[in-house]
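Listing of work.txt; format and content: compact mmCIF, C-alpha atoms.
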# COMPACT_ATOMS: atom_id res chain seq x y z
CA MET A 29 132.53 111.41 106.33
CA ALA A 30 129.65 113.62 107.47
CA LYS A 31 127.87 115.70 104.85
CA THR A 32 128.23 119.44 105.35
CA ASN A 33 124.87 120.54 103.95
CA LYS A 34 122.15 120.92 106.58
CA MET A 35 118.99 118.88 106.38
CA ILE A 36 115.82 120.98 106.15
CA CYS A 37 112.71 120.04 108.11
CA PRO A 38 110.02 119.13 105.57
CA ARG A 39 107.31 120.56 107.85
CA CYS A 40 108.89 123.78 109.17
CA LYS A 41 111.43 124.50 106.39
CA VAL A 42 114.13 125.32 108.97
CA GLU A 43 117.61 123.86 109.33
CA MET A 44 117.74 120.71 111.41
CA ASN A 45 120.32 119.90 114.08
CA HIS A 46 122.70 117.02 113.32
CA HIS A 47 122.87 115.34 116.72
CA CYS A 48 124.01 111.80 116.08
CA ASP A 49 125.97 109.43 113.85
CA LYS A 50 125.31 105.74 114.30
CA VAL A 51 126.73 102.60 112.80
CA VAL A 52 123.88 100.59 111.29
CA TYR A 53 124.61 96.90 110.78
CA ASN A 54 122.46 96.36 107.76
CA ALA A 55 121.58 92.73 107.09
CA ASP A 56 120.29 93.52 103.62
CA THR A 57 122.66 91.97 101.06
CA HIS A 58 122.24 94.80 98.52
CA ASP A 59 123.89 97.17 101.01
CA ALA A 60 126.76 94.83 101.87
CA GLY A 61 129.26 96.55 99.56
CA LYS A 62 128.60 99.94 101.17
CA THR A 63 129.89 98.92 104.60
CA GLU A 64 132.73 101.10 105.88
CA PRO A 65 135.49 98.58 106.66
CA ASP A 66 136.96 100.63 109.53
CA LEU A 67 133.61 100.89 111.30
CA GLY A 68 131.94 97.62 110.41
CA GLY A 69 128.69 99.04 109.10
CA ILE A 70 126.94 101.90 107.38
CA ILE A 71 127.00 105.34 109.04
CA GLU A 72 123.61 106.96 109.39
CA GLU A 73 123.24 110.62 110.39
CA PHE A 74 120.32 111.65 112.61
CA HIS A 75 118.88 115.16 112.63
CA ALA A 76 116.15 116.89 114.66
CA CYS A 77 114.07 119.98 113.93
CA PRO A 78 114.45 122.69 116.63
CA LYS A 79 110.95 123.96 115.86
CA CYS A 80 108.68 120.89 115.72
CA GLY A 81 111.02 118.25 117.13
CA GLY A 82 110.63 115.95 114.14
CA GLY A 83 113.48 113.64 113.22
CA ALA A 84 115.14 112.68 109.95
CA SER A 85 118.09 110.58 108.88
CA ARG A 86 120.35 110.03 105.92
CA ARG A 87 123.40 108.01 105.00
CA ALA A 88 126.60 109.86 105.84
CA MET B 238 115.14 126.05 127.15
CA GLU B 239 111.44 125.21 127.40
CA THR B 240 109.82 125.29 123.97
CA GLY B 241 106.19 125.27 125.04
CA ARG B 242 105.56 122.05 123.19
CA PRO B 243 104.32 119.38 125.60
CA LEU B 244 106.45 116.30 126.04
CA PHE B 245 104.93 113.24 124.40
CA ILE B 246 105.63 110.07 126.38
CA PRO B 247 103.69 107.05 125.13
CA VAL B 248 103.51 103.77 127.03
CA ILE B 249 104.11 100.58 125.04
CA LEU B 250 102.33 97.49 126.29
CA GLY B 251 104.76 94.76 125.27
CA THR B 252 102.69 91.59 125.24
CA VAL B 253 99.80 90.14 123.27
CA ARG B 254 99.09 87.23 125.59
CA LEU B 255 95.42 86.72 126.52
CA GLY B 256 94.72 87.58 130.15
CA ARG B 257 97.86 89.70 130.38
CA MET B 258 98.16 91.42 133.76
CA SER B 259 100.66 93.85 132.25
CA LEU B 260 97.68 95.70 130.82
CA HIS B 261 96.79 96.91 134.31
CA ALA B 262 100.35 98.10 134.92
CA ALA B 263 100.42 99.91 131.57
CA GLN B 264 97.08 101.60 132.26
CA LEU B 265 98.27 102.67 135.70
CA VAL B 266 101.48 104.24 134.38
CA THR B 267 99.61 105.93 131.51
CA GLY B 268 97.17 107.40 134.02
CA GLU B 269 99.96 108.69 136.24
CA LEU B 270 101.66 110.31 133.23
CA ALA B 271 98.41 111.92 132.12
CA LYS B 272 98.03 113.66 135.51
CA ARG B 273 101.20 115.70 134.93
CA ALA B 274 101.14 119.16 133.42
CA GLY B 275 102.96 119.50 130.12
CA ILE B 276 102.85 115.79 129.34
CA GLU B 277 100.86 114.04 126.63
CA THR B 278 100.68 110.28 126.63
CA ASP B 279 99.07 107.36 124.86
CA LEU B 280 98.84 103.65 125.56
CA ILE B 281 100.20 101.72 122.58
CA ASP B 282 99.11 98.10 122.61
CA ILE B 283 101.39 96.00 120.41
CA ALA B 284 98.49 93.58 119.88
CA LYS B 285 96.84 96.32 117.81
CA ILE B 286 99.81 96.92 115.49
CA PRO B 287 99.26 94.69 112.45
CA LEU B 288 102.84 93.92 111.50
CA PRO B 289 103.52 91.03 109.11
CA THR B 290 105.67 88.16 110.37
CA ASN B 291 107.12 87.11 107.02
CA ASP B 292 109.67 89.95 107.17
CA ALA B 293 111.21 92.08 109.90
CA GLY B 294 112.96 95.34 110.70
CA GLU B 295 112.34 98.71 109.11
CA ALA B 296 111.03 97.06 105.95
CA ILE B 297 107.73 96.45 107.77
CA LYS B 298 107.47 99.85 109.46
CA HIS B 299 103.87 100.67 110.49
CA ALA B 300 102.98 104.28 109.65
CA ASP B 301 101.01 105.06 112.79
CA PHE B 302 103.52 103.47 115.18
CA SER B 303 106.40 105.18 113.37
CA ALA B 304 104.66 108.57 113.61
CA LYS B 305 104.11 108.12 117.34
CA MET B 306 107.73 107.13 117.90
CA ASP B 307 108.88 110.15 115.88
CA LYS B 308 106.70 112.47 117.96
CA ALA B 309 107.75 110.86 121.23
CA ASP B 310 110.29 112.50 123.57
CA ALA B 311 110.53 109.41 125.74
CA LEU B 312 108.99 105.96 126.02
CA VAL B 313 107.79 103.71 128.77
CA VAL B 314 107.99 100.01 127.89
CA VAL B 315 105.85 97.71 130.02
CA SER B 316 107.05 94.16 129.63
CA PRO B 317 106.14 90.94 131.35
CA GLU B 318 108.85 88.37 131.91
CA TYR B 319 108.32 85.20 129.90
CA ASN B 320 110.95 82.49 130.52
CA HIS B 321 113.38 85.18 131.74
CA GLY B 322 112.93 87.15 128.49
CA TYR B 323 110.67 89.54 126.65
CA SER B 324 107.94 88.77 124.18
CA GLY B 325 109.19 88.07 120.66
CA LEU B 326 106.45 90.30 119.30
CA LEU B 327 107.69 93.22 121.41
CA LYS B 328 111.11 92.89 119.77
CA HIS B 329 109.44 92.57 116.36
CA VAL B 330 107.61 95.87 116.92
CA LEU B 331 110.64 97.70 118.37
CA ASP B 332 112.81 96.59 115.44
CA SER B 333 110.45 98.20 112.94
CA CYS B 334 111.83 101.69 113.72
CA LEU B 335 115.26 103.22 114.27
CA LYS B 336 115.61 106.92 113.43
CA GLU B 337 112.47 107.56 115.48
CA TYR B 338 114.21 106.46 118.70
CA ILE B 339 117.61 108.14 118.52
CA HIS B 340 118.60 110.11 121.63
CA LYS B 341 115.25 109.64 123.35
CA ALA B 342 114.74 108.41 126.90
CA VAL B 343 113.20 105.09 127.87
CA GLY B 344 112.06 103.67 131.17
CA ILE B 345 111.15 100.02 131.64
CA VAL B 346 108.40 98.54 133.77
CA GLY B 347 108.88 94.84 134.50
CA VAL B 348 105.95 92.61 135.38
CA SER B 349 105.97 89.09 136.75
CA ALA B 350 103.78 86.68 138.65
CA GLY B 351 106.77 85.67 140.76
CA PRO B 352 108.81 87.58 143.34
CA PHE B 353 111.41 89.24 141.09
CA GLY B 354 109.20 91.81 139.38
CA GLY B 355 110.57 91.37 135.89
CA THR B 356 114.15 92.19 136.85
CA ARG B 357 115.52 89.66 134.36
CA VAL B 358 113.45 90.94 131.46
CA ILE B 359 114.59 94.47 132.24
CA GLN B 360 118.23 93.36 132.18
CA ASN B 361 117.62 91.62 128.86
CA LEU B 362 115.95 94.66 127.34
CA LEU B 363 118.74 97.11 128.26
CA PRO B 364 121.18 96.12 125.47
CA VAL B 365 118.34 96.16 122.94
CA MET B 366 117.36 99.68 123.98
CA ARG B 367 120.96 100.82 123.75
CA GLU B 368 121.42 99.47 120.23
CA ILE B 369 118.27 101.11 118.87
CA GLY B 370 119.47 104.48 120.16
CA LEU B 371 117.28 104.89 123.24
CA VAL B 372 118.78 106.23 126.48
CA THR B 373 117.83 104.16 129.50
CA ILE B 374 117.17 105.66 132.91
CA PHE B 375 118.32 104.09 136.16
CA TRP B 376 114.87 103.89 137.73
CA ASP B 377 112.68 100.89 136.91
CA VAL B 378 109.28 99.86 138.18
CA ASN B 379 108.99 96.21 139.20
CA PHE B 380 105.57 94.62 139.59
CA SER B 381 106.20 91.38 141.48
CA SER B 382 103.33 88.99 142.23
CA VAL B 383 101.30 91.14 139.87
CA GLN B 384 98.17 89.10 140.55
CA LYS B 385 98.25 90.57 144.08
CA ALA B 386 98.99 94.12 142.97
CA PHE B 387 95.79 94.53 140.96
CA ALA B 388 92.21 93.37 141.33
CA GLU B 389 90.67 91.55 138.39
CA ASP B 390 89.06 94.78 137.21
CA GLY B 391 92.47 96.47 137.12
CA ARG B 392 92.09 98.42 140.35
CA LEU B 393 95.42 98.95 142.14
CA LEU B 394 95.53 97.09 145.45
CA ASP B 395 98.98 98.19 146.61
CA GLU B 396 99.28 101.97 146.80
CA SER B 397 103.03 101.81 147.39
CA TYR B 398 103.43 101.52 143.62
CA ILE B 399 102.27 105.11 143.19
CA ARG B 400 105.35 106.49 144.96
CA ARG B 401 107.68 104.22 142.98
CA ILE B 402 106.05 105.28 139.72
CA ASP B 403 106.37 108.93 140.74
CA LYS B 404 110.14 108.58 141.23
CA PHE B 405 110.45 106.67 137.94
CA LEU B 406 108.47 109.27 135.98
CA LYS B 407 110.29 112.24 137.49
CA GLU B 408 113.60 110.82 136.29
CA LEU B 409 112.18 109.90 132.88
CA ILE B 410 110.72 113.38 132.35
CA TRP B 411 113.97 115.07 133.36
CA MET B 412 115.84 112.90 130.88
CA ALA B 413 113.22 113.56 128.18
CA LYS B 414 113.61 117.34 128.60
CA THR B 415 117.38 117.11 128.60
CA LEU B 416 117.55 114.92 125.53
CA ARG B 417 115.07 117.09 123.63
CA GLN B 418 117.35 120.04 124.26
CA GLY B 419 120.30 117.98 123.06
CA ARG B 420 118.61 116.65 119.92
CA GLU B 421 117.34 120.03 118.85
CA GLN B 422 120.08 122.40 119.97
CA ILE B 423 123.41 120.64 120.49
CA SER B 424 125.29 119.75 117.34
CA LEU B 425 127.44 116.66 117.07
CA ASP B 426 130.17 118.62 115.28
Translate the structure described by the file into structure tokens.
Amino acid sequence: MAKTNKMICPRCKVEMNHHCDKVVYNADTHDAGKTEPDLGGIIEEFHACPKCGGGASRRA
Amino acid sequence: METGRPLFIPVILGTVRLGRMSLHAAQLVTGELAKRAGIETDLIDIAKIPLPTNDAGEAIKHADFSAKMDKADALVVVSPEYNHGYSGLLKHVLDSCLKEYIHKAVGIVGVSAGPFGGTRVIQNLLPVMREIGLVTIFWDVNFSSVQKAFAEDGRLLDESYIRRIDKFLKELIWMAKTLRQGREQISLD
């Protein structure tokens, strides 16, 4: 489930835009237990700063 | 909405092979990009990115390459065709980033010594680009018989490539502007 709190751009200190969720098929064994069974991987959120254009991501 | 920030569209030279003719193609496309107002570009030579080969993926992210991919609004990948595929080191470099690519445009330039102009390497790169979050455009540039397209000093011998590159870059820039607007202004939810 997507987090509701906005990410803040570390450079500009403004709210970033959440523009993408992506399934990441992590091959790292320490993440294996975190896989969402319905989706087959780990959901990563991607955000962009409307001021500087910089990107950031976090686990959903 | 135009933000005033120039678009940054680097060109990735996707081979380390000695004597690579793709260098001339990459330099040509970089030069054509640099002529356009509102565009910044840079030629990124994967031979100059010192990634280790005893690990792979984001674990070996290179700070400078990552920063350039984060800044980028679109990419041009120049790839020769080796045995119908792309260079393993190109894939190694591309795999070192992910969040930096999401919802950004990419155009592919195929290079070959034979008559097909890298069409097979372009087809093989498309699913890779899709999985790492890049948005492919429908224009390609195909350098067939590349040894006839450039002189040894890199001078272009066939001016018809300029018009093809112009069409390719117009589409790439349109997509870069559109996707920047989407990334920065249009929410998923």
Hey, could you make a per-residue contact list for chain B against chain A with 6 Å as the cut-off, showing the nearest pair of atoms and its distance in Å to one decimal, counting all atoms listed in the file, sorted by chain and number, as CSV?
residue,atom,partner,partner_atom,distance
B:Arg420,CA,A:His47,CA,5.5
B:Glu421,CA,A:Pro78,CA,4.5
B:Ser424,CA,A:His47,CA,5.1
B:Leu425,CA,A:His47,CA,4.8
For the residues selected in the previous step, produce a file with C-alpha atoms as a JSON list (two decimals), in the coordinates of the input.
[["chain", "number", "residue", "atom", "x", "y", "z"],
["B", 420, "ARG", "CA", 118.61, 116.65, 119.92],
["B", 421, "GLU", "CA", 117.34, 120.03, 118.85],
["B", 424, "SER", "CA", 125.29, 119.75, 117.34],
["B", 425, "LEU", "CA", 127.44, 116.66, 117.07]]
Next on the checklist: When you look at stretch 322-327 of chain B with a cut-off of 9 Å (counting all atoms listed in the file), what residues show up, excluding the ones that are within fewer than 6 positions of it in the same chain? I need them as an NGL selection string.
Outcome noted: :B and (249-253 or 283-284 or 316 or 355 or 357-362)
Residues as selected, C-alpha atoms, written as an mmCIF file, in the frame of the given file, can you do that?
data_model
loop_
_atom_site.group_PDB
_atom_site.id
_atom_site.type_symbol
_atom_site.label_atom_id
_atom_site.label_comp_id
_atom_site.auth_asym_id
_atom_site.auth_seq_id
_atom_site.Cartn_x
_atom_site.Cartn_y
_atom_site.Cartn_z
ATOM 1 C CA ILE B 249 104.110 100.580 125.040
ATOM 2 C CA LEU B 250 102.330 97.490 126.290
ATOM 3 C CA GLY B 251 104.760 94.760 125.270
ATOM 4 C CA THR B 252 102.690 91.590 125.240
ATOM 5 C CA VAL B 253 99.800 90.140 123.270
ATOM 6 C CA ILE B 283 101.390 96.000 120.410
ATOM 7 C CA ALA B 284 98.490 93.580 119.880
ATOM 8 C CA SER B 316 107.050 94.160 129.630
ATOM 9 C CA GLY B 355 110.570 91.370 135.890
ATOM 10 C CA ARG B 357 115.520 89.660 134.360
ATOM 11 C CA VAL B 358 113.450 90.940 131.460
ATOM 12 C CA ILE B 359 114.590 94.470 132.240
ATOM 13 C CA GLN B 360 118.230 93.360 132.180
ATOM 14 C CA ASN B 361 117.620 91.620 128.860
ATOM 15 C CA LEU B 362 115.950 94.660 127.340
#
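The gap separating atom CA of A:Val42 from atom CA of B:Ile423 is 15.5 Å, in Å to one decimal.
Rounded to one decimal, atom CA of B:Met366 and atom CA of B:Val343 lie 7.9 Å from each other.
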Next on the checklist: Can you measure atom CA of B:Met412 to atom CA of B:Asp310 for me? One decimal in Å is fine.
Outcome noted: 9.2 Å
Item to check | Contact residues around stretch 240-246 of chain B with only C-alpha atoms at 12 Å, ignoring same-chain residues under 3 positions, as a ChimeraX atom specification | outcome: /A:78-81 /B:249,266-271,273-281,304-314,341-344,406,409-418,421-422
